[in-house]
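Source file: protein_23.csv (CSV, C-alpha atoms)
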chain,number,residue,atom,x,y,z
A,77,MET,CA,99.8,75.0,82.6
A,78,GLY,CA,102.8,73.4,84.1
A,79,PRO,CA,103.8,73.7,87.8
A,80,ASP,CA,106.4,76.3,86.8
A,81,CYS,CA,103.6,78.7,85.9
A,82,ARG,CA,103.5,79.7,89.5
A,83,PHE,CA,105.7,82.1,91.4
A,84,ASP,CA,105.7,82.1,95.1
A,85,HIS,CA,108.0,84.0,97.4
A,86,SER,CA,108.0,85.1,101.0
A,87,PHE,CA,110.3,87.9,102.0
A,88,ALA,CA,111.0,90.7,104.5
A,89,ALA,CA,108.9,93.8,104.0
A,90,GLN,CA,111.6,96.1,102.9
A,91,ALA,CA,111.9,98.3,99.7
A,92,MET,CA,115.2,96.6,98.7
A,93,GLU,CA,113.6,93.1,99.0
A,94,VAL,CA,110.7,94.3,96.9
A,95,ARG,CA,113.1,95.4,94.2
A,96,LEU,CA,114.9,92.0,94.4
A,97,VAL,CA,111.7,90.0,94.1
A,98,LEU,CA,110.6,92.1,91.1
A,99,THR,CA,113.9,91.6,89.4
A,100,ARG,CA,113.5,87.9,89.9
A,101,LEU,CA,110.0,88.0,88.6
A,102,ARG,CA,111.2,89.5,85.3
A,103,ARG,CA,113.0,86.3,84.5
A,104,ALA,CA,110.4,84.0,86.0
A,105,SER,CA,108.5,81.5,83.8
A,106,VAL,CA,105.2,82.8,85.1
A,107,LEU,CA,105.6,85.9,82.9
A,108,ARG,CA,107.2,84.1,79.9
A,109,GLY,CA,105.6,84.9,76.5
A,110,LEU,CA,103.7,87.9,77.8
A,111,SER,CA,103.7,91.1,75.8
A,112,PRO,CA,106.1,93.7,77.2
A,113,GLU,CA,103.1,95.9,78.2
A,114,SER,CA,101.5,93.0,80.2
A,115,ALA,CA,104.7,92.1,81.9
A,116,GLU,CA,105.4,95.8,82.7
A,117,SER,CA,101.9,96.2,84.1
A,118,CYS,CA,102.4,93.2,86.4
A,119,GLU,CA,105.7,94.6,87.6
A,120,LEU,CA,104.4,98.1,88.3
A,121,VAL,CA,101.2,97.0,89.9
A,122,LEU,CA,103.0,94.7,92.2
A,123,ALA,CA,105.7,97.3,93.0
A,124,GLU,CA,103.0,99.7,94.1
A,125,ALA,CA,101.1,97.2,96.1
A,126,MET,CA,104.2,95.8,97.8
A,127,ASN,CA,105.6,99.2,98.6
A,128,ASN,CA,102.3,100.2,100.1
A,129,ILE,CA,102.6,97.2,102.4
A,130,VAL,CA,106.1,98.1,103.4
A,131,GLU,CA,105.4,101.7,104.0
A,132,HIS,CA,101.8,101.7,105.3
A,133,ALA,CA,100.8,98.2,106.5
A,134,TYR,CA,104.1,97.8,108.4
A,135,GLY,CA,104.9,101.5,108.5
A,136,GLY,CA,108.6,100.8,107.8
A,137,GLY,CA,108.8,98.3,110.7
A,138,ASP,CA,109.6,94.6,110.7
A,139,GLY,CA,107.3,92.2,108.9
A,140,SER,CA,107.1,89.8,106.0
A,141,LEU,CA,105.0,89.5,102.9
A,142,ARG,CA,104.2,86.7,100.5
A,143,LEU,CA,103.7,87.1,96.8
A,144,THR,CA,102.1,84.4,94.7
A,145,LEU,CA,101.4,84.6,91.0
A,146,LEU,CA,99.4,82.2,88.9
A,147,ARG,CA,99.3,82.3,85.2
A,148,GLY,CA,96.0,81.7,83.5
A,149,ARG,CA,95.3,81.7,79.8
A,150,HIS,CA,94.3,85.4,79.6
A,151,HIS,CA,95.3,86.7,83.1
A,152,VAL,CA,98.0,86.8,85.7
A,153,ILE,CA,96.5,86.3,89.1
A,154,CYS,CA,98.5,87.8,91.9
A,155,ARG,CA,98.0,87.4,95.6
A,156,LEU,CA,99.7,89.4,98.4
A,157,LEU,CA,99.5,88.4,102.0
A,158,ASP,CA,100.8,90.4,105.0
A,159,ARG,CA,100.2,90.7,108.7
A,160,GLY,CA,100.5,94.5,108.9
A,161,ARG,CA,97.8,97.0,109.7
A,162,PRO,CA,94.6,96.7,107.7
A,163,LEU,CA,93.7,99.1,104.9
A,164,PRO,CA,91.9,102.1,106.4
A,165,GLY,CA,88.1,101.4,106.5
A,166,LEU,CA,88.9,97.8,105.4
A,167,THR,CA,88.4,98.9,101.8
A,168,LEU,CA,90.6,99.5,98.8
A,169,PRO,CA,91.6,103.2,98.4
A,170,PRO,CA,90.1,104.9,95.4
A,171,GLY,CA,92.3,105.1,92.4
A,172,ARG,CA,91.9,108.8,91.6
A,173,LEU,CA,94.7,110.8,90.1
A,174,PRO,CA,95.9,113.4,92.6
A,175,PRO,CA,94.6,116.9,91.9
A,176,GLN,CA,96.9,119.0,89.8
A,177,ASP,CA,96.3,122.5,91.0
A,178,ASP,CA,99.2,124.9,90.8
A,179,SER,CA,101.9,122.3,91.1
A,180,PRO,CA,101.7,118.6,90.5
A,181,ALA,CA,101.4,116.3,93.6
A,182,GLU,CA,104.6,114.5,94.7
A,183,GLY,CA,102.7,111.4,95.9
A,184,GLY,CA,99.4,109.6,95.7
A,185,TYR,CA,99.9,108.0,92.3
A,186,GLY,CA,100.3,104.4,93.7
A,187,TRP,CA,96.7,103.3,93.9
A,188,PHE,CA,95.9,105.2,90.8
A,189,LEU,CA,98.5,103.1,88.9
A,190,ILE,CA,97.2,99.9,90.6
A,191,HIS,CA,93.6,100.6,89.5
A,192,SER,CA,94.7,101.7,86.0
A,193,LEU,CA,96.8,98.7,85.2
A,194,SER,CA,94.8,95.9,86.8
A,195,GLN,CA,91.6,94.3,85.5
A,196,ARG,CA,90.3,93.3,88.9
A,197,LEU,CA,91.1,94.0,92.5
A,198,HIS,CA,89.9,92.4,95.7
A,199,TYR,CA,90.9,93.0,99.3
A,200,ARG,CA,90.0,91.1,102.4
A,201,ARG,CA,91.1,91.2,105.9
A,202,ALA,CA,90.8,87.9,107.7
A,203,ASP,CA,92.7,86.2,110.6
A,204,GLY,CA,94.9,89.2,111.2
A,205,MET,CA,96.0,89.1,107.6
A,206,ASN,CA,95.6,91.4,104.6
A,207,ARG,CA,94.9,89.6,101.4
A,208,LEU,CA,95.0,91.5,98.2
A,209,PHE,CA,94.2,89.9,94.9
A,210,ILE,CA,95.1,91.6,91.7
A,211,VAL,CA,94.2,90.3,88.2
A,212,VAL,CA,96.2,91.7,85.3
A,213,THR,CA,95.4,91.0,81.7
A,214,ALA,CA,97.9,88.7,80.1
A,215,ASN,CA,98.3,89.6,76.4
A,216,SER,CA,100.8,87.4,74.5
A,217,ARG,CA,103.9,88.7,72.9
A,218,ALA,CA,103.3,89.3,69.2
A,219,ALA,CA,104.7,86.4,67.1
B,231,MET,CA,122.6,105.2,91.7
B,232,LYS,CA,125.4,105.9,89.1
B,233,LEU,CA,124.9,109.3,87.5
B,234,GLN,CA,127.1,111.1,84.9
B,235,ALA,CA,126.9,114.9,84.6
B,236,GLU,CA,127.9,116.9,81.6
B,237,GLN,CA,127.7,120.7,81.4
B,238,ASP,CA,127.4,122.5,78.1
B,239,GLU,CA,126.7,126.1,77.3
B,240,THR,CA,123.0,125.9,78.1
B,241,ASP,CA,122.2,122.7,79.9
B,242,LEU,CA,123.4,120.4,82.6
B,243,ILE,CA,122.8,116.9,81.2
B,244,ILE,CA,122.6,114.1,83.8
B,245,ARG,CA,122.8,110.6,82.4
B,246,VAL,CA,121.1,108.1,84.7
B,247,GLN,CA,123.2,104.9,84.6
B,248,GLY,CA,120.9,102.7,86.8
B,249,ASP,CA,117.9,100.9,85.3
B,250,ARG,CA,115.4,101.6,88.1
B,251,ILE,CA,114.1,104.7,89.8
B,252,ASP,CA,112.0,103.0,92.5
B,253,ALA,CA,110.9,103.1,96.1
B,254,ALA,CA,114.2,101.6,97.2
B,255,GLY,CA,116.3,104.3,95.7
B,256,ALA,CA,114.0,107.4,95.1
B,257,VAL,CA,115.2,109.5,98.1
B,258,PRO,CA,119.0,109.1,97.5
B,259,PHE,CA,118.3,109.6,93.7
B,260,LYS,CA,116.6,112.9,94.4
B,261,ASP,CA,119.4,114.1,96.7
B,262,GLN,CA,122.1,113.1,94.2
B,263,ILE,CA,120.4,114.9,91.3
B,264,LEU,CA,119.9,118.1,93.4
B,265,GLN,CA,123.6,118.0,94.5
B,266,LEU,CA,124.7,117.7,90.9
B,267,ALA,CA,122.4,120.4,89.9
B,268,GLU,CA,124.0,122.8,92.4
B,269,GLY,CA,127.3,122.3,90.6
B,270,GLY,CA,125.9,123.2,87.2
B,271,THR,CA,124.0,125.9,85.4
B,272,GLY,CA,121.0,126.2,83.1
B,273,ARG,CA,118.3,123.6,82.4
B,274,VAL,CA,118.7,120.2,84.0
B,275,VAL,CA,118.2,117.5,81.4
B,276,LEU,CA,117.8,114.0,82.7
B,277,ASP,CA,118.8,111.3,80.3
B,278,LEU,CA,116.5,108.4,81.1
B,279,SER,CA,117.5,106.1,78.2
B,280,ARG,CA,118.7,103.4,80.5
B,281,VAL,CA,115.9,103.5,82.9
B,282,ASP,CA,113.3,100.8,82.2
B,283,PHE,CA,111.3,101.0,85.5
B,284,LEU,CA,109.8,104.0,87.2
B,285,ASP,CA,107.3,103.6,90.0
B,286,SER,CA,105.2,106.2,91.9
B,287,SER,CA,108.1,106.8,94.3
B,288,GLY,CA,110.4,107.5,91.4
B,289,LEU,CA,107.8,109.7,89.8
B,290,GLY,CA,107.4,111.6,93.1
B,291,ALA,CA,111.2,112.1,93.2
B,292,LEU,CA,111.1,113.6,89.7
B,293,VAL,CA,108.3,116.0,90.7
B,294,ALA,CA,110.1,116.9,93.9
B,295,ILE,CA,113.3,117.6,92.0
B,296,ARG,CA,111.4,119.8,89.5
B,297,ARG,CA,109.9,121.8,92.4
B,298,MET,CA,113.2,122.2,94.2
B,299,LEU,CA,114.9,123.4,91.1
B,300,GLY,CA,112.5,126.4,91.2
B,301,ALA,CA,113.1,128.6,88.1
B,302,ARG,CA,115.4,126.1,86.5
B,303,ALA,CA,113.7,123.7,84.1
B,304,LEU,CA,113.9,119.9,84.6
B,305,ASP,CA,113.5,118.2,81.2
B,306,LEU,CA,113.4,114.4,80.5
B,307,MET,CA,115.4,113.0,77.6
B,308,SER,CA,114.9,109.6,75.8
B,309,PRO,CA,112.5,107.9,78.2
B,310,THR,CA,112.0,104.2,77.4
B,311,PRO,CA,108.4,102.9,76.6
B,312,PRO,CA,107.6,101.7,80.2
B,313,VAL,CA,108.7,105.1,81.6
B,314,VAL,CA,106.7,107.0,78.9
B,315,ARG,CA,103.7,104.9,79.8
B,316,VAL,CA,103.8,105.9,83.5
B,317,LEU,CA,104.4,109.6,82.6
B,318,ARG,CA,101.3,109.5,80.2
B,319,LEU,CA,99.1,107.6,82.6
B,320,THR,CA,99.7,110.1,85.4
B,321,ARG,CA,99.6,113.1,83.0
B,322,MET,CA,103.1,114.0,83.9
B,323,ASP,CA,103.8,114.2,80.2
B,324,MET,CA,102.0,117.6,80.4
B,325,VAL,CA,104.2,118.7,83.3
B,326,PHE,CA,107.7,117.8,82.0
B,327,THR,CA,109.2,118.7,78.7
B,328,ILE,CA,110.2,115.4,77.1
B,329,HIS,CA,112.8,115.1,74.4
B,330,PRO,CA,112.2,111.8,72.6
B,331,ALA,CA,115.6,111.4,71.0
B,332,ALA,CA,119.0,111.6,72.8
B,333,GLY,CA,121.2,114.5,71.9
B,334,SER,CA,124.3,112.5,71.5
B,335,PRO,CA,125.1,110.9,68.1
B,336,ASN,CA,125.1,107.4,69.5
B,337,GLY,CA,121.7,107.9,71.1
B,338,ALA,CA,120.9,105.4,73.8
Represent the structure of the file as structure tokens.
Amino acid sequence: MGPDCRFDHSFAAQAMEVRLVLTRLRRASVLRGLSPESAESCELVLAEAMNNIVEHAYGGGDGSLRLTLLRGRHHVICRLLDRGRPLPGLTLPPGRLPPQDDSPAEGGYGWFLIHSLSQRLHYRRADGMNRLFIVVTANSRAA
Amino acid sequence: MKLQAEQDETDLIIRVQGDRIDAAGAVPFKDQILQLAEGGTGRVVLDLSRVDFLDSSGLGALVAIRRMLGARALDLMSPTPPVVRVLRLTRMDMVFTIHPAAGSPNGA
């Protein structure tokens, strides 16, 4: 794995910045050669996790976050750091699909998608910082 | 978000020209669609053939539009594989009527 198999960006915690970094990630070498499904899983899981930080950890206020990706042979390892509020109860929210009673829910799909599309998740609060680790399976593009 | 609306006898077809329905644009997207819907009649059919990214906020916008349209149906047309995947995972493929192929002769 060469040094370009790493992606590391710090940016303002804003939805538009999240979009920009995801667009940049699409072209980044860290995802090169991945199957479309693996690359899309990475993008979606990170979108959900980063937008949670923007909306909940920082509550729409000022802040910054740092995204680092490392490419392994069979995985993409993602780390998100922020200095916003901790996750409630200092634990990862469950990834249940919102109940579909009479009408479908308009929210609550984020953590469900994160849990569904990642292989492993780990959260830790330390030194006033949220650290979220997400491992996504990296299948190669069919030859 | 750039949108193009076309009214035929039965449906209002709205072609989404942007490639992402995401957290950064979900609220204005919803408002724009509802505004266009007011100016048309019949089913609202969203052509998603150019959209290759839909996150939970975008999905929430689609569900909200569907609810706010009330008795008028909201159908989805020509979703791309990444969008179909999100709809299936969240079981929204059971909520929306999805038309796999575009109605126009030149498809996507």
Next on the checklist: Distance cut-off 12 Å, counting only C-alpha atoms - which residues of chain B neighbour chain A? Return them as a count of residues only.
Outcome noted: 44
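Closest approach to Phe83 in chain A among A:Leu96, A:Leu143, A:Ala115, A:Met126 is made by A:Leu143 (distances from only C-alpha atoms).
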Item to check | From A:Ser114, A:Pro175, A:Gly136, A:Ala218, residue lying nearest Gln195 in chain A [only C-alpha atoms] | outcome: A:Ser114
Next on the checklist: When you count all atoms listed in the file, which of these residues is closest to Gly139 in chain A: A:Ser194, A:Asn215, A:Ser86, A:Thr99?
Outcome noted: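 Among the listed residues, A:Ser86 lies closest to Gly139 in chain A.
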Item to check | Polymer residues at most 12 Å from Pro330 in chain B, all atoms listed in the file, same-chain spacing of 3 or more positions, as a list of chain:residue names | outcome: B:Leu276, B:Asp277, B:Leu278, B:Ser279, B:Asp305, B:Leu306, B:Met307, B:Ser308, B:Pro309, B:Thr310, B:Pro311, B:Val313, B:Val314, B:Asp323, B:Thr327, B:Gly333, B:Gly337, B:Ala338
Same residues, C-alpha atoms, output as a PDB file, in the coordinates of the input:
ATOM      1  CA  LEU B 276     117.800 114.000  82.700  1.00  0.00           C
ATOM      2  CA  ASP B 277     118.800 111.300  80.300  1.00  0.00           C
ATOM      3  CA  LEU B 278     116.500 108.400  81.100  1.00  0.00           C
ATOM      4  CA  SER B 279     117.500 106.100  78.200  1.00  0.00           C
ATOM      5  CA  ASP B 305     113.500 118.200  81.200  1.00  0.00           C
ATOM      6  CA  LEU B 306     113.400 114.400  80.500  1.00  0.00           C
ATOM      7  CA  MET B 307     115.400 113.000  77.600  1.00  0.00           C
ATOM      8  CA  SER B 308     114.900 109.600  75.800  1.00  0.00           C
ATOM      9  CA  PRO B 309     112.500 107.900  78.200  1.00  0.00           C
ATOM     10  CA  THR B 310     112.000 104.200  77.400  1.00  0.00           C
ATOM     11  CA  PRO B 311     108.400 102.900  76.600  1.00  0.00           C
ATOM     12  CA  VAL B 313     108.700 105.100  81.600  1.00  0.00           C
ATOM     13  CA  VAL B 314     106.700 107.000  78.900  1.00  0.00           C
ATOM     14  CA  ASP B 323     103.800 114.200  80.200  1.00  0.00           C
ATOM     15  CA  THR B 327     109.200 118.700  78.700  1.00  0.00           C
ATOM     16  CA  GLY B 333     121.200 114.500  71.900  1.00  0.00           C
ATOM     17  CA  GLY B 337     121.700 107.900  71.100  1.00  0.00           C
ATOM     18  CA  ALA B 338     120.900 105.400  73.800  1.00  0.00           C
TER      19      ALA B 338
END
Item to check | Among the residues A:Val212, A:Cys118, A:Ala125, A:Leu101, the one that comes closest to Leu157 in chain A [using only C-alpha atoms] | outcome: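 Of the candidates, the smallest distance to Leu157 in chain A is held by A:Ala125.
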Checklist entry - Could you work out how far CA of Asp178 in chain A lies from CA of Gly269 in chain B, giving the answer in Å with one decimal? => result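 A separation of 28.2 Å between them.
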Checklist entry - Between CA of Arg217 in chain A and CA of Ala104 in chain A, what is the distance, to one decimal in Å? => result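 A separation of 15.4 Å between them.
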Checklist entry - So how many Å separate CA of Leu242 in chain B and CA of Gln262 in chain B, to one decimal? => result 13.8 Å
Item to check | Distance query Leu197 in chain A at most 8 Å, only C-alpha atoms, self and fewer than 3 positions along chain excluded, as a ChimeraX atom specification | outcome: /A:191,194,208-211
